[in-house]
Amino acid sequence: MTSTRITHWIAGRPWSGGAERRGDVYDPATGKVTGQVDFADSAVVDQAVGAALAAFRDWRSTSVAKRAGVLFAFRELLNARREELAAIIVSEHGKVHSDALGEVARGQEVVEYACGIPHLLKGGFTEQASTGVDVYSVRQPLGPVAVISPFNFPAMVPMWFFPLAVAAGNTVVVKPSEKDPSAANFLAALWREAGLPDGVFNVVHGDKAAVDRLLEHPDIKAVSFVGSTPVARHVYETGTRHGKRVQALGGAKNHMLVLPDADLDLAADAAVNAGFGAAGERCMAVSVLVAVDPVGDELVTRIKRRMASLTVGPGSAPASEMGPLVTGAHRDKVTSYLDAGVAEGAELAVDGRGHPVTGDTGADGFWLGPTLFDRVRPGMSVYDDEIFGPVLSVVRVPSYDDGLALINANPYGNGTAVFTRDGGAARRFRHEVEVGMVGVNVPIPVPVAYYSFGGWKSSLFGDTHAYGEDGVKFFTRAKTVTQRWPEPSPGPGGQGPRGGIDLGFPTNG
Ligand code: NAD
C-alpha cells in the first residue's frame, strides 16, 4: 500500500514546504501505515495565523448576507459529499461507516444553525433610552481563532466550532488530531469550493509544538479546545495567561443510573449502544452503569446476551457494528485495564479479548471486543480512570440516593442518563445531578445544534459551552452604542438646539 503525505492547508491551498517532523497515520482495521502527516513548527503556525489575520479585515466587513450564502453553499457540498467524508473518517479512525455518517450529520446540524447568522447576530435597540438618546448593541467578530480537536470525532468536533466562528466573521486555524488528520483537509477543500475567501479557513497539523504556538500567538484571539482533561487544563491555563478567550472541553466518565422500575430492555439496549458504539471512543459514551438493587443481575444478563451477538469488524464492512481502536498503543492501554480490573477485585463478566473479529482484516488491526466488568467500586482503576475504550463497568448500589451521590462525587461531569418510568424520580435526578448534559431514558444526550454542548467540573474549563447561543457569544464580542442626533436642521443655515455645558455624570431623563 502506498503512503500518502498529508500536509497543512494555508491561505486556500495545500502547504508547499518540507516538514522536519512527521507522524504515521494508520488504518486501524489493518494496523498498516497509510499516510504520513506533517507536523507544524512555530514558523508554519505563524504562516497560518498570518494568512488568517490577512483575511480577517475583508471577511469581517463582508455582509452577513454574503457570509450566510457561503455557509449555505458549504452545507450543500457537505451534504452531497458526506459519503466520501465518512469513508475518510473510517479509514483513519476505524469507526463503522454508519457511525461516521452520523458524525457528519451532527456536524452538519451546526452548519445549518450557522446559516441563520443574520438572525443570530441581531442586536437589541432601545429607542428613547433617555430623552433624544437611543441605545443599541451589536456583536462583532474577534479575529483569528484556533480550534484544536481530538481524534475521536475528526469532522464533528471541529464543526462544533468553525461554522459559527466563520459565519460570525472570524477567521480560523484548525489543529486536528495527528491520528486522523485527513477529514480537516477535506473540509478545507469544501470551503474553497463553497467560495470562502482564501485564508479564512486554515489547517495546521501536528502535536504539542503546534498547539503551544497557537496558545501563545498574539494574533490568536480565542481558542476552542476538545480533548483529554490534563491537556484541556493546560490549554485553558496557557491560553488565558496569554490573554485569550478559551473554552476547553475535557474528558468524561459518564454514568447511567438504572432504577428498579426502568424498562430493562430499553436500558440494556442503551447500555450496549452507548457503551460500545465507536468502540467506546466517545466523550459521551456510557462507561459506568449504576444499577439500583435489585436490577443488577437481570440487567447484566440482558447486556451479556446483547454483547455476544455484536459484530466486530472493519468499519468499511456494512455488517460491522463496532470497529477497532484508533491505534495499537491505545488498544494496548485499554486492554491493560482488563488485567488491572481483575487484580483489583472486579468481576470480568465478558472478556473482549475473546470476541471474534469478522471480515478480512489481517491479524495486525487494533482489535478489542466489548468488555463488561461487574461489581466495580470506586477506587478501582477501571472506575476511576477514563478508559476511552469498549469497557463497561457495572456498579451496584442499594438506593437512588447512593447512585446520585456516586455520580456527584465523580470529578467529571460531562453526560449522564437516568432510566426509569417514574417521572418524579427523573425530574428529581435532572434537578440534583451535577452534570452538564442529562438524558432521561436517552443514553447519549448530545444537545441539538440550537442548544449548547458542554460538561461541568473537570469536563470543561471556561464559561461557555460549544455551539448554540453559547457558540455565537463565544465567537463575538458585544459593543453597545449610546447615540444622540441633533434635531433635524430647520433649513439651510439653520441651527438645531445644543446640549449646553454640563460636567456632571450623565443620567437618564
Ligand atoms: P488529547 O488530549 O490527547 O488530544 C487532543 C488535542 O490536543 C490533539 O489535537 C492533540 O494533538 C493535542 N495535544 C495532545 N497532547 C498535547 C499536549 N501535551 N499539549 C498540547 N496539545 C496536546 O485527546 P485525544 O486522545 O485526541 O481525544 C480523546 C479525549 O478527548 C478523551 O479524553 C475524550 O473524553 C475527550 N473528548 C472530550 C469531548 C468533550 O466534549 N468533552 C469530546 C470529544 C473528546
# chains A, B, ... in the order shown; residues from 1 in each chain; ligands from 1
>>> residues_near_ligand(ligand="ligand 1", cutoff="6 Å", atoms="only C-alpha atoms and all ligand atoms", output="ChimeraX atom specification")
/A:148-152,175-178,207-208,211-212,226-228,231,249-252,283,459
>>> write_last_selection(atoms="C-alpha atoms", output="PDB file, in the first residue's frame")
ATOM      1  CA  ILE A 148      -7.905  22.249  18.463  1.00  0.00           C
ATOM      2  CA  SER A 149      -9.627  18.883  18.242  1.00  0.00           C
ATOM      3  CA  PRO A 150      -9.296  15.255  19.423  1.00  0.00           C
ATOM      4  CA  PHE A 151      -9.072  12.053  17.406  1.00  0.00           C
ATOM      5  CA  ASN A 152     -12.479  10.648  18.210  1.00  0.00           C
ATOM      6  CA  LYS A 175      -5.341  21.938  14.518  1.00  0.00           C
ATOM      7  CA  PRO A 176      -6.853  18.437  14.172  1.00  0.00           C
ATOM      8  CA  SER A 177      -5.645  15.311  15.899  1.00  0.00           C
ATOM      9  CA  GLU A 178      -2.490  13.947  14.319  1.00  0.00           C
ATOM     10  CA  ASP A 207       1.303  17.923  18.074  1.00  0.00           C
ATOM     11  CA  LYS A 208       2.072  19.861  21.244  1.00  0.00           C
ATOM     12  CA  VAL A 211      -0.764  23.722  19.919  1.00  0.00           C
ATOM     13  CA  ASP A 212       1.569  25.633  22.196  1.00  0.00           C
ATOM     14  CA  VAL A 226     -11.607  19.489  22.910  1.00  0.00           C
ATOM     15  CA  GLY A 227      -9.529  16.606  24.274  1.00  0.00           C
ATOM     16  CA  SER A 228      -8.420  14.925  27.480  1.00  0.00           C
ATOM     17  CA  VAL A 231      -4.443  18.815  28.074  1.00  0.00           C
ATOM     18  CA  LEU A 249     -13.670  20.678  26.865  1.00  0.00           C
ATOM     19  CA  GLY A 250     -12.060  17.741  28.653  1.00  0.00           C
ATOM     20  CA  GLY A 251     -12.568  14.068  29.408  1.00  0.00           C
ATOM     21  CA  ALA A 252     -15.507  12.212  30.874  1.00  0.00           C
ATOM     22  CA  CYS A 283     -16.774  11.578  25.212  1.00  0.00           C
ATOM     23  CA  SER A 459     -15.114  18.064  31.740  1.00  0.00           C
TER      24      SER A 459
END
>>> select_by_dssp(residues="stretch 23-186 of chain A", states="helix (DSSP H, G or I)", output="mmCIF file with N, CA and C atoms, in the first residue's frame")
data_model
loop_
_atom_site.group_PDB
_atom_site.id
_atom_site.type_symbol
_atom_site.label_atom_id
_atom_site.label_comp_id
_atom_site.auth_asym_id
_atom_site.auth_seq_id
_atom_site.Cartn_x
_atom_site.Cartn_y
_atom_site.Cartn_z
ATOM 1 N N SER A 42 6.804 26.271 14.771
ATOM 2 C CA SER A 42 6.291 27.630 15.032
ATOM 3 C C SER A 42 6.175 28.446 13.751
ATOM 4 N N ALA A 43 7.137 28.270 12.842
ATOM 5 C CA ALA A 43 7.118 29.081 11.620
ATOM 6 C C ALA A 43 5.883 28.766 10.773
ATOM 7 N N VAL A 44 5.515 27.493 10.702
ATOM 8 C CA VAL A 44 4.334 27.120 9.914
ATOM 9 C C VAL A 44 3.064 27.645 10.584
ATOM 10 N N VAL A 45 3.003 27.519 11.906
ATOM 11 C CA VAL A 45 1.835 28.058 12.620
ATOM 12 C C VAL A 45 1.742 29.562 12.368
ATOM 13 N N ASP A 46 2.875 30.234 12.413
ATOM 14 C CA ASP A 46 2.871 31.689 12.184
ATOM 15 C C ASP A 46 2.356 32.022 10.780
ATOM 16 N N GLN A 47 2.719 31.197 9.807
ATOM 17 C CA GLN A 47 2.212 31.427 8.432
ATOM 18 C C GLN A 47 0.695 31.299 8.376
ATOM 19 N N ALA A 48 0.186 30.271 9.050
ATOM 20 C CA ALA A 48 -1.272 30.049 9.036
ATOM 21 C C ALA A 48 -1.986 31.195 9.753
ATOM 22 N N VAL A 49 -1.460 31.603 10.891
ATOM 23 C CA VAL A 49 -2.093 32.707 11.627
ATOM 24 C C VAL A 49 -1.977 33.996 10.807
ATOM 25 N N GLY A 50 -0.850 34.159 10.117
ATOM 26 C CA GLY A 50 -0.669 35.343 9.259
ATOM 27 C C GLY A 50 -1.713 35.375 8.153
ATOM 28 N N ALA A 51 -1.970 34.207 7.554
ATOM 29 C CA ALA A 51 -2.995 34.134 6.491
ATOM 30 C C ALA A 51 -4.366 34.458 7.064
ATOM 31 N N ALA A 52 -4.636 33.959 8.275
ATOM 32 C CA ALA A 52 -5.937 34.214 8.913
ATOM 33 C C ALA A 52 -6.091 35.699 9.249
ATOM 34 N N LEU A 53 -5.013 36.294 9.687
ATOM 35 C CA LEU A 53 -5.080 37.726 10.043
ATOM 36 C C LEU A 53 -5.276 38.580 8.789
ATOM 37 N N ALA A 54 -4.568 38.213 7.719
ATOM 38 C CA ALA A 54 -4.689 38.983 6.474
ATOM 39 C C ALA A 54 -6.119 38.895 5.921
ATOM 40 N N ALA A 55 -6.735 37.720 6.080
ATOM 41 C CA ALA A 55 -8.092 37.538 5.539
ATOM 42 C C ALA A 55 -9.157 38.202 6.414
ATOM 43 N N PHE A 56 -8.815 38.449 7.673
ATOM 44 C CA PHE A 56 -9.830 38.911 8.625
ATOM 45 C C PHE A 56 -10.439 40.256 8.232
ATOM 46 N N ARG A 57 -9.595 41.190 7.752
ATOM 47 C CA ARG A 57 -10.092 42.550 7.514
ATOM 48 C C ARG A 57 -11.266 42.572 6.524
ATOM 49 N N ASP A 58 -11.112 41.830 5.435
ATOM 50 C CA ASP A 58 -12.191 41.807 4.441
ATOM 51 C C ASP A 58 -13.369 40.949 4.896
ATOM 52 N N TRP A 59 -13.043 39.810 5.534
ATOM 53 C CA TRP A 59 -14.111 38.868 5.887
ATOM 54 C C TRP A 59 -15.043 39.469 6.942
ATOM 55 N N ARG A 60 -14.479 40.191 7.895
ATOM 56 C CA ARG A 60 -15.332 40.761 8.935
ATOM 57 C C ARG A 60 -16.242 41.850 8.360
ATOM 58 N N SER A 61 -15.825 42.454 7.230
ATOM 59 C CA SER A 61 -16.631 43.511 6.619
ATOM 60 C C SER A 61 -17.545 42.992 5.511
ATOM 61 N N VAL A 64 -23.404 40.122 6.138
ATOM 62 C CA VAL A 64 -23.888 38.849 6.696
ATOM 63 C C VAL A 64 -24.638 38.060 5.630
ATOM 64 N N ALA A 65 -25.276 38.734 4.707
ATOM 65 C CA ALA A 65 -25.989 38.022 3.639
ATOM 66 C C ALA A 65 -24.993 37.201 2.817
ATOM 67 N N LYS A 66 -23.854 37.814 2.470
ATOM 68 C CA LYS A 66 -22.856 37.073 1.662
ATOM 69 C C LYS A 66 -22.220 35.953 2.490
ATOM 70 N N ARG A 67 -21.946 36.250 3.761
ATOM 71 C CA ARG A 67 -21.356 35.194 4.608
ATOM 72 C C ARG A 67 -22.326 34.022 4.724
ATOM 73 N N ALA A 68 -23.596 34.320 4.926
ATOM 74 C CA ALA A 68 -24.599 33.240 5.025
ATOM 75 C C ALA A 68 -24.659 32.461 3.711
ATOM 76 N N GLY A 69 -24.482 33.158 2.589
ATOM 77 C CA GLY A 69 -24.502 32.489 1.285
ATOM 78 C C GLY A 69 -23.396 31.441 1.189
ATOM 79 N N VAL A 70 -22.221 31.770 1.678
ATOM 80 C CA VAL A 70 -21.112 30.804 1.654
ATOM 81 C C VAL A 70 -21.427 29.618 2.569
ATOM 82 N N LEU A 71 -22.038 29.914 3.719
ATOM 83 C CA LEU A 71 -22.395 28.828 4.643
ATOM 84 C C LEU A 71 -23.401 27.869 3.988
ATOM 85 N N PHE A 72 -24.391 28.428 3.292
ATOM 86 C CA PHE A 72 -25.378 27.580 2.610
ATOM 87 C C PHE A 72 -24.691 26.710 1.553
ATOM 88 N N ALA A 73 -23.752 27.303 0.807
ATOM 89 C CA ALA A 73 -23.049 26.537 -0.224
ATOM 90 C C ALA A 73 -22.218 25.422 0.417
ATOM 91 N N PHE A 74 -21.571 25.731 1.541
ATOM 92 C CA PHE A 74 -20.771 24.725 2.259
ATOM 93 C C PHE A 74 -21.683 23.588 2.731
ATOM 94 N N ARG A 75 -22.854 23.941 3.243
ATOM 95 C CA ARG A 75 -23.805 22.930 3.730
ATOM 96 C C ARG A 75 -24.220 21.985 2.599
ATOM 97 N N GLU A 76 -24.469 22.560 1.419
ATOM 98 C CA GLU A 76 -24.887 21.727 0.290
ATOM 99 C C GLU A 76 -23.785 20.762 -0.118
ATOM 100 N N LEU A 77 -22.552 21.270 -0.166
ATOM 101 C CA LEU A 77 -21.421 20.413 -0.552
ATOM 102 C C LEU A 77 -21.191 19.314 0.481
ATOM 103 N N LEU A 78 -21.274 19.697 1.746
ATOM 104 C CA LEU A 78 -21.064 18.726 2.827
ATOM 105 C C LEU A 78 -22.098 17.601 2.724
ATOM 106 N N ASN A 79 -23.326 18.006 2.492
ATOM 107 C CA ASN A 79 -24.402 17.027 2.403
ATOM 108 C C ASN A 79 -24.211 16.120 1.183
ATOM 109 N N ALA A 80 -23.810 16.727 0.063
ATOM 110 C CA ALA A 80 -23.651 15.945 -1.169
ATOM 111 C C ALA A 80 -22.463 14.980 -1.062
ATOM 112 N N ARG A 82 -21.062 13.649 1.820
ATOM 113 C CA ARG A 82 -20.905 13.076 3.157
ATOM 114 C C ARG A 82 -20.382 11.640 3.129
ATOM 115 N N GLU A 83 -20.717 10.901 2.066
ATOM 116 C CA GLU A 83 -20.224 9.515 1.992
ATOM 117 C C GLU A 83 -18.698 9.491 1.886
ATOM 118 N N GLU A 84 -18.166 10.406 1.070
ATOM 119 C CA GLU A 84 -16.696 10.483 0.925
ATOM 120 C C GLU A 84 -16.025 10.834 2.239
ATOM 121 N N LEU A 85 -16.616 11.831 2.916
ATOM 122 C CA LEU A 85 -16.033 12.257 4.192
ATOM 123 C C LEU A 85 -16.111 11.118 5.210
ATOM 124 N N ALA A 86 -17.250 10.417 5.236
ATOM 125 C CA ALA A 86 -17.395 9.293 6.176
ATOM 126 C C ALA A 86 -16.334 8.226 5.881
ATOM 127 N N ALA A 87 -16.067 7.975 4.604
ATOM 128 C CA ALA A 87 -15.075 6.954 4.251
ATOM 129 C C ALA A 87 -13.678 7.360 4.735
ATOM 130 N N ILE A 88 -13.384 8.653 4.652
ATOM 131 C CA ILE A 88 -12.085 9.145 5.157
ATOM 132 C C ILE A 88 -11.988 8.923 6.665
ATOM 133 N N ILE A 89 -13.087 9.223 7.361
ATOM 134 C CA ILE A 89 -13.095 9.049 8.821
ATOM 135 C C ILE A 89 -12.875 7.579 9.175
ATOM 136 N N VAL A 90 -13.600 6.698 8.476
ATOM 137 C CA VAL A 90 -13.472 5.265 8.742
ATOM 138 C C VAL A 90 -12.029 4.807 8.533
ATOM 139 N N SER A 91 -11.405 5.314 7.473
ATOM 140 C CA SER A 91 -10.078 4.805 7.104
ATOM 141 C C SER A 91 -8.994 5.210 8.116
ATOM 142 N N GLU A 92 -9.208 6.290 8.855
ATOM 143 C CA GLU A 92 -8.155 6.717 9.791
ATOM 144 C C GLU A 92 -8.557 6.539 11.252
ATOM 145 N N HIS A 93 -9.867 6.627 11.528
ATOM 146 C CA HIS A 93 -10.328 6.468 12.909
ATOM 147 C C HIS A 93 -10.693 5.025 13.208
ATOM 148 N N HIS A 97 -18.922 2.752 9.213
ATOM 149 C CA HIS A 97 -19.332 3.773 8.245
ATOM 150 C C HIS A 97 -20.619 4.491 8.675
ATOM 151 N N SER A 98 -21.603 3.737 9.180
ATOM 152 C CA SER A 98 -22.877 4.374 9.581
ATOM 153 C C SER A 98 -22.641 5.353 10.720
ATOM 154 N N ASP A 99 -21.722 5.006 11.603
ATOM 155 C CA ASP A 99 -21.401 5.892 12.727
ATOM 156 C C ASP A 99 -20.687 7.154 12.222
ATOM 157 N N ALA A 100 -19.801 6.974 11.236
ATOM 158 C CA ALA A 100 -19.106 8.133 10.653
ATOM 159 C C ALA A 100 -20.106 9.050 9.954
ATOM 160 N N LEU A 101 -21.098 8.458 9.301
ATOM 161 C CA LEU A 101 -22.147 9.278 8.662
ATOM 162 C C LEU A 101 -22.932 10.054 9.725
ATOM 163 N N GLY A 102 -23.170 9.408 10.850
ATOM 164 C CA GLY A 102 -23.863 10.075 11.956
ATOM 165 C C GLY A 102 -23.053 11.255 12.470
ATOM 166 N N GLU A 103 -21.747 11.063 12.575
ATOM 167 C CA GLU A 103 -20.854 12.157 12.996
ATOM 168 C C GLU A 103 -20.961 13.346 12.045
ATOM 169 N N VAL A 104 -20.938 13.047 10.737
ATOM 170 C CA VAL A 104 -21.023 14.130 9.742
ATOM 171 C C VAL A 104 -22.375 14.844 9.861
ATOM 172 N N ALA A 105 -23.441 14.049 10.059
ATOM 173 C CA ALA A 105 -24.785 14.648 10.158
ATOM 174 C C ALA A 105 -24.876 15.589 11.357
ATOM 175 N N ARG A 106 -24.268 15.196 12.498
ATOM 176 C CA ARG A 106 -24.355 16.060 13.676
ATOM 177 C C ARG A 106 -23.509 17.326 13.489
ATOM 178 N N GLY A 107 -22.421 17.229 12.733
ATOM 179 C CA GLY A 107 -21.651 18.438 12.419
ATOM 180 C C GLY A 107 -22.425 19.334 11.462
ATOM 181 N N GLN A 108 -23.109 18.695 10.510
ATOM 182 C CA GLN A 108 -23.886 19.450 9.526
ATOM 183 C C GLN A 108 -25.002 20.266 10.201
ATOM 184 N N GLU A 109 -25.541 19.706 11.286
ATOM 185 C CA GLU A 109 -26.567 20.440 12.047
ATOM 186 C C GLU A 109 -26.053 21.809 12.496
ATOM 187 N N VAL A 110 -24.796 21.839 12.898
ATOM 188 C CA VAL A 110 -24.236 23.109 13.378
ATOM 189 C C VAL A 110 -24.030 24.066 12.199
ATOM 190 N N VAL A 111 -23.633 23.506 11.047
ATOM 191 C CA VAL A 111 -23.513 24.341 9.844
ATOM 192 C C VAL A 111 -24.878 24.959 9.528
ATOM 193 N N GLU A 112 -25.923 24.148 9.628
ATOM 194 C CA GLU A 112 -27.278 24.645 9.328
ATOM 195 C C GLU A 112 -27.684 25.735 10.325
ATOM 196 N N TYR A 113 -27.336 25.533 11.574
ATOM 197 C CA TYR A 113 -27.621 26.569 12.579
ATOM 198 C C TYR A 113 -26.886 27.863 12.218
ATOM 199 N N ALA A 114 -25.625 27.712 11.781
ATOM 200 C CA ALA A 114 -24.817 28.899 11.452
ATOM 201 C C ALA A 114 -25.310 29.601 10.189
ATOM 202 N N ILE A 117 -27.045 33.002 10.538
ATOM 203 C CA ILE A 117 -26.233 34.023 11.215
ATOM 204 C C ILE A 117 -26.844 35.430 11.147
ATOM 205 N N PRO A 118 -27.546 35.809 10.055
ATOM 206 C CA PRO A 118 -28.138 37.154 10.092
ATOM 207 C C PRO A 118 -29.086 37.309 11.279
ATOM 208 N N HIS A 119 -29.837 36.260 11.565
ATOM 209 C CA HIS A 119 -30.757 36.303 12.709
ATOM 210 C C HIS A 119 -29.973 36.236 14.031
ATOM 211 N N LEU A 120 -28.949 35.368 14.063
ATOM 212 C CA LEU A 120 -28.227 35.139 15.322
ATOM 213 C C LEU A 120 -27.449 36.371 15.777
ATOM 214 N N MET A 156 -16.841 16.055 13.250
ATOM 215 C CA MET A 156 -17.906 16.711 14.013
ATOM 216 C C MET A 156 -17.369 17.718 15.019
ATOM 217 N N VAL A 157 -16.330 17.347 15.754
ATOM 218 C CA VAL A 157 -15.883 18.278 16.799
ATOM 219 C C VAL A 157 -15.374 19.597 16.205
ATOM 220 N N PRO A 158 -14.540 19.595 15.159
ATOM 221 C CA PRO A 158 -14.219 20.900 14.557
ATOM 222 C C PRO A 158 -15.474 21.650 14.098
ATOM 223 N N MET A 159 -16.487 20.882 13.640
ATOM 224 C CA MET A 159 -17.722 21.547 13.171
ATOM 225 C C MET A 159 -18.593 22.035 14.330
ATOM 226 N N TRP A 160 -18.302 21.671 15.551
ATOM 227 C CA TRP A 160 -18.979 22.297 16.689
ATOM 228 C C TRP A 160 -18.619 23.793 16.754
ATOM 229 N N PHE A 161 -17.467 24.131 16.178
ATOM 230 C CA PHE A 161 -16.937 25.480 16.386
ATOM 231 C C PHE A 161 -16.832 26.304 15.103
ATOM 232 N N PHE A 162 -16.173 25.745 14.055
ATOM 233 C CA PHE A 162 -15.807 26.648 12.962
ATOM 234 C C PHE A 162 -16.970 27.195 12.148
ATOM 235 N N PRO A 163 -18.126 26.491 12.035
ATOM 236 C CA PRO A 163 -19.194 27.132 11.251
ATOM 237 C C PRO A 163 -19.635 28.458 11.865
ATOM 238 N N LEU A 164 -19.807 28.487 13.172
ATOM 239 C CA LEU A 164 -20.230 29.738 13.814
ATOM 240 C C LEU A 164 -19.112 30.761 13.819
ATOM 241 N N ALA A 165 -17.878 30.300 14.014
ATOM 242 C CA ALA A 165 -16.749 31.235 14.011
ATOM 243 C C ALA A 165 -16.665 31.948 12.661
ATOM 244 N N VAL A 166 -16.741 31.161 11.585
ATOM 245 C CA VAL A 166 -16.648 31.728 10.232
ATOM 246 C C VAL A 166 -17.860 32.603 9.935
ATOM 247 N N ALA A 167 -19.054 32.109 10.258
ATOM 248 C CA ALA A 167 -20.278 32.860 9.955
ATOM 249 C C ALA A 167 -20.280 34.206 10.671
ATOM 250 N N SER A 182 -6.961 13.704 8.018
ATOM 251 C CA SER A 182 -7.393 13.990 6.638
ATOM 252 C C SER A 182 -8.764 14.632 6.534
ATOM 253 N N ALA A 183 -9.653 14.375 7.507
ATOM 254 C CA ALA A 183 -11.004 14.944 7.421
ATOM 255 C C ALA A 183 -10.941 16.471 7.382
ATOM 256 N N ALA A 184 -10.035 17.054 8.146
ATOM 257 C CA ALA A 184 -9.948 18.529 8.192
ATOM 258 C C ALA A 184 -9.540 19.088 6.830
ATOM 259 N N ASN A 185 -8.645 18.392 6.139
ATOM 260 C CA ASN A 185 -8.243 18.874 4.810
ATOM 261 C C ASN A 185 -9.388 18.762 3.803
ATOM 262 N N PHE A 186 -10.166 17.699 3.933
ATOM 263 C CA PHE A 186 -11.340 17.539 3.072
ATOM 264 C C PHE A 186 -12.307 18.707 3.287
#
>>> residues_around(residues="stretch 416-432 of chain A", least_positions_apart="3", cutoff="12 Å", atoms="only C-alpha atoms", output="PyMOL selection string")
chain A and resi 252-271+274+283-292+295+299+400-401+403-408+410+412-413+435-446+455-456
>>> write_last_selection(atoms="C-alpha atoms", output="PDB file, in the first residue's frame")
ATOM      1  CA  ALA A 252     -15.507  12.212  30.874  1.00  0.00           C
ATOM      2  CA  LYS A 253     -16.747   9.246  32.871  1.00  0.00           C
ATOM      3  CA  ASN A 254     -20.428   9.044  32.067  1.00  0.00           C
ATOM      4  CA  HIS A 255     -22.773   7.187  34.409  1.00  0.00           C
ATOM      5  CA  MET A 256     -26.127   5.706  33.508  1.00  0.00           C
ATOM      6  CA  LEU A 257     -28.430   5.215  36.502  1.00  0.00           C
ATOM      7  CA  VAL A 258     -30.999   2.419  36.182  1.00  0.00           C
ATOM      8  CA  LEU A 259     -33.831   2.466  38.709  1.00  0.00           C
ATOM      9  CA  PRO A 260     -35.737  -0.737  39.580  1.00  0.00           C
ATOM     10  CA  ASP A 261     -38.852   0.372  37.661  1.00  0.00           C
ATOM     11  CA  ALA A 262     -36.971   1.005  34.387  1.00  0.00           C
ATOM     12  CA  ASP A 263     -37.799  -0.712  31.112  1.00  0.00           C
ATOM     13  CA  LEU A 264     -34.887  -3.155  31.334  1.00  0.00           C
ATOM     14  CA  ASP A 265     -34.794  -3.941  27.621  1.00  0.00           C
ATOM     15  CA  LEU A 266     -34.607  -0.238  26.794  1.00  0.00           C
ATOM     16  CA  ALA A 267     -31.878   0.164  29.418  1.00  0.00           C
ATOM     17  CA  ALA A 268     -29.892  -2.861  28.212  1.00  0.00           C
ATOM     18  CA  ASP A 269     -30.069  -1.679  24.598  1.00  0.00           C
ATOM     19  CA  ALA A 270     -28.932   1.780  25.700  1.00  0.00           C
ATOM     20  CA  ALA A 271     -26.023   0.430  27.750  1.00  0.00           C
ATOM     21  CA  ALA A 274     -23.733   3.884  24.356  1.00  0.00           C
ATOM     22  CA  CYS A 283     -16.774  11.578  25.212  1.00  0.00           C
ATOM     23  CA  MET A 284     -20.488  10.854  25.779  1.00  0.00           C
ATOM     24  CA  ALA A 285     -20.054   7.049  25.903  1.00  0.00           C
ATOM     25  CA  VAL A 286     -21.589   5.367  28.910  1.00  0.00           C
ATOM     26  CA  SER A 287     -18.708   3.805  30.838  1.00  0.00           C
ATOM     27  CA  VAL A 288     -20.424   3.159  34.179  1.00  0.00           C
ATOM     28  CA  LEU A 289     -23.828   1.560  34.613  1.00  0.00           C
ATOM     29  CA  VAL A 290     -25.173   2.200  38.109  1.00  0.00           C
ATOM     30  CA  ALA A 291     -27.753  -0.491  38.871  1.00  0.00           C
ATOM     31  CA  VAL A 292     -30.059   0.217  41.805  1.00  0.00           C
ATOM     32  CA  VAL A 295     -31.987  -4.888  38.975  1.00  0.00           C
ATOM     33  CA  LEU A 299     -29.577  -6.178  33.678  1.00  0.00           C
ATOM     34  CA  TYR A 400     -31.326   6.052  44.257  1.00  0.00           C
ATOM     35  CA  ASP A 401     -29.599   8.309  46.783  1.00  0.00           C
ATOM     36  CA  GLY A 403     -26.432   6.244  42.928  1.00  0.00           C
ATOM     37  CA  LEU A 404     -26.843  10.006  42.820  1.00  0.00           C
ATOM     38  CA  ALA A 405     -24.121  10.505  45.453  1.00  0.00           C
ATOM     39  CA  LEU A 406     -21.756   8.314  43.425  1.00  0.00           C
ATOM     40  CA  ILE A 407     -22.336  10.348  40.251  1.00  0.00           C
ATOM     41  CA  ASN A 408     -21.989  13.674  42.027  1.00  0.00           C
ATOM     42  CA  ASN A 410     -17.127  11.874  40.357  1.00  0.00           C
ATOM     43  CA  TYR A 412     -16.097  14.547  35.702  1.00  0.00           C
ATOM     44  CA  GLY A 413     -19.497  15.937  34.761  1.00  0.00           C
ATOM     45  CA  VAL A 435     -23.545  17.026  35.217  1.00  0.00           C
ATOM     46  CA  GLY A 436     -23.836  19.313  32.195  1.00  0.00           C
ATOM     47  CA  MET A 437     -25.873  17.082  29.845  1.00  0.00           C
ATOM     48  CA  VAL A 438     -28.618  14.815  31.153  1.00  0.00           C
ATOM     49  CA  GLY A 439     -30.640  12.124  29.398  1.00  0.00           C
ATOM     50  CA  VAL A 440     -33.963  10.770  30.595  1.00  0.00           C
ATOM     51  CA  ASN A 441     -34.252   7.300  29.044  1.00  0.00           C
ATOM     52  CA  VAL A 442     -31.808   8.668  26.411  1.00  0.00           C
ATOM     53  CA  PRO A 443     -28.251   7.378  26.783  1.00  0.00           C
ATOM     54  CA  ILE A 444     -26.172   9.825  24.705  1.00  0.00           C
ATOM     55  CA  PRO A 445     -27.816  13.196  25.317  1.00  0.00           C
ATOM     56  CA  VAL A 446     -25.735  15.276  22.889  1.00  0.00           C
ATOM     57  CA  GLY A 455     -19.977  19.399  30.669  1.00  0.00           C
ATOM     58  CA  TRP A 456     -19.342  20.515  34.235  1.00  0.00           C
TER      59      TRP A 456
END
>>> atom_distance(atom1="atom CA of A:Val204", atom2="atom CA of A:His8")
4.8 Å
>>> select_by_dssp(residues="stretch 416-457 of chain A", states="strand (DSSP E or B)", output="MDAnalysis selection string")
chainID A and resid 416:419 437:440 453 456:457
>>> residues_around(residues="stretch 24-40 of chain A", least_positions_apart="6", cutoff="6 Å", atoms="only C-alpha atoms", output="JSON, numbers by chain")
{"A": [3, 4, 5, 6, 7, 91, 92, 94, 179, 205, 206, 210, 314, 324, 326, 361, 362, 364, 365, 366]}
>>> atom_distance(atom1="atom CA of A:Gly239", atom2="atom CA of A:Gly169")
21.3 Å
>>> residues_around(residues="A:Lys122", least_positions_apart="2", cutoff="12 Å", atoms="only C-alpha atoms", output="PyMOL selection string")
chain A and resi 64+116-120+124-125+136-140+168+472-473+476+478
>>> atom_distance(atom1="atom CA of A:Val145", atom2="atom CA of A:Tyr450")
21.5 Å
>>> closest_residue(among="A:Thr327, A:Asn170, A:Ser336, A:Ser63", to="A:Phe474", atoms="only C-alpha atoms")
A:Asn170
>>> closest_residue(among="A:Ser224, A:Pro318, A:Tyr337, A:Asp293", to="A:Val246", atoms="only C-alpha atoms")
A:Ser224
>>> residues_around(residues="A:Arg282", least_positions_apart="4", cutoff="8 Å", atoms="only C-alpha atoms", output="PyMOL selection string")
chain A and resi 152+277-278+388
>>> residues_around(residues="A:Ser393", least_positions_apart="6", cutoff="10 Å", atoms="only C-alpha atoms", output="count of residues only")
21
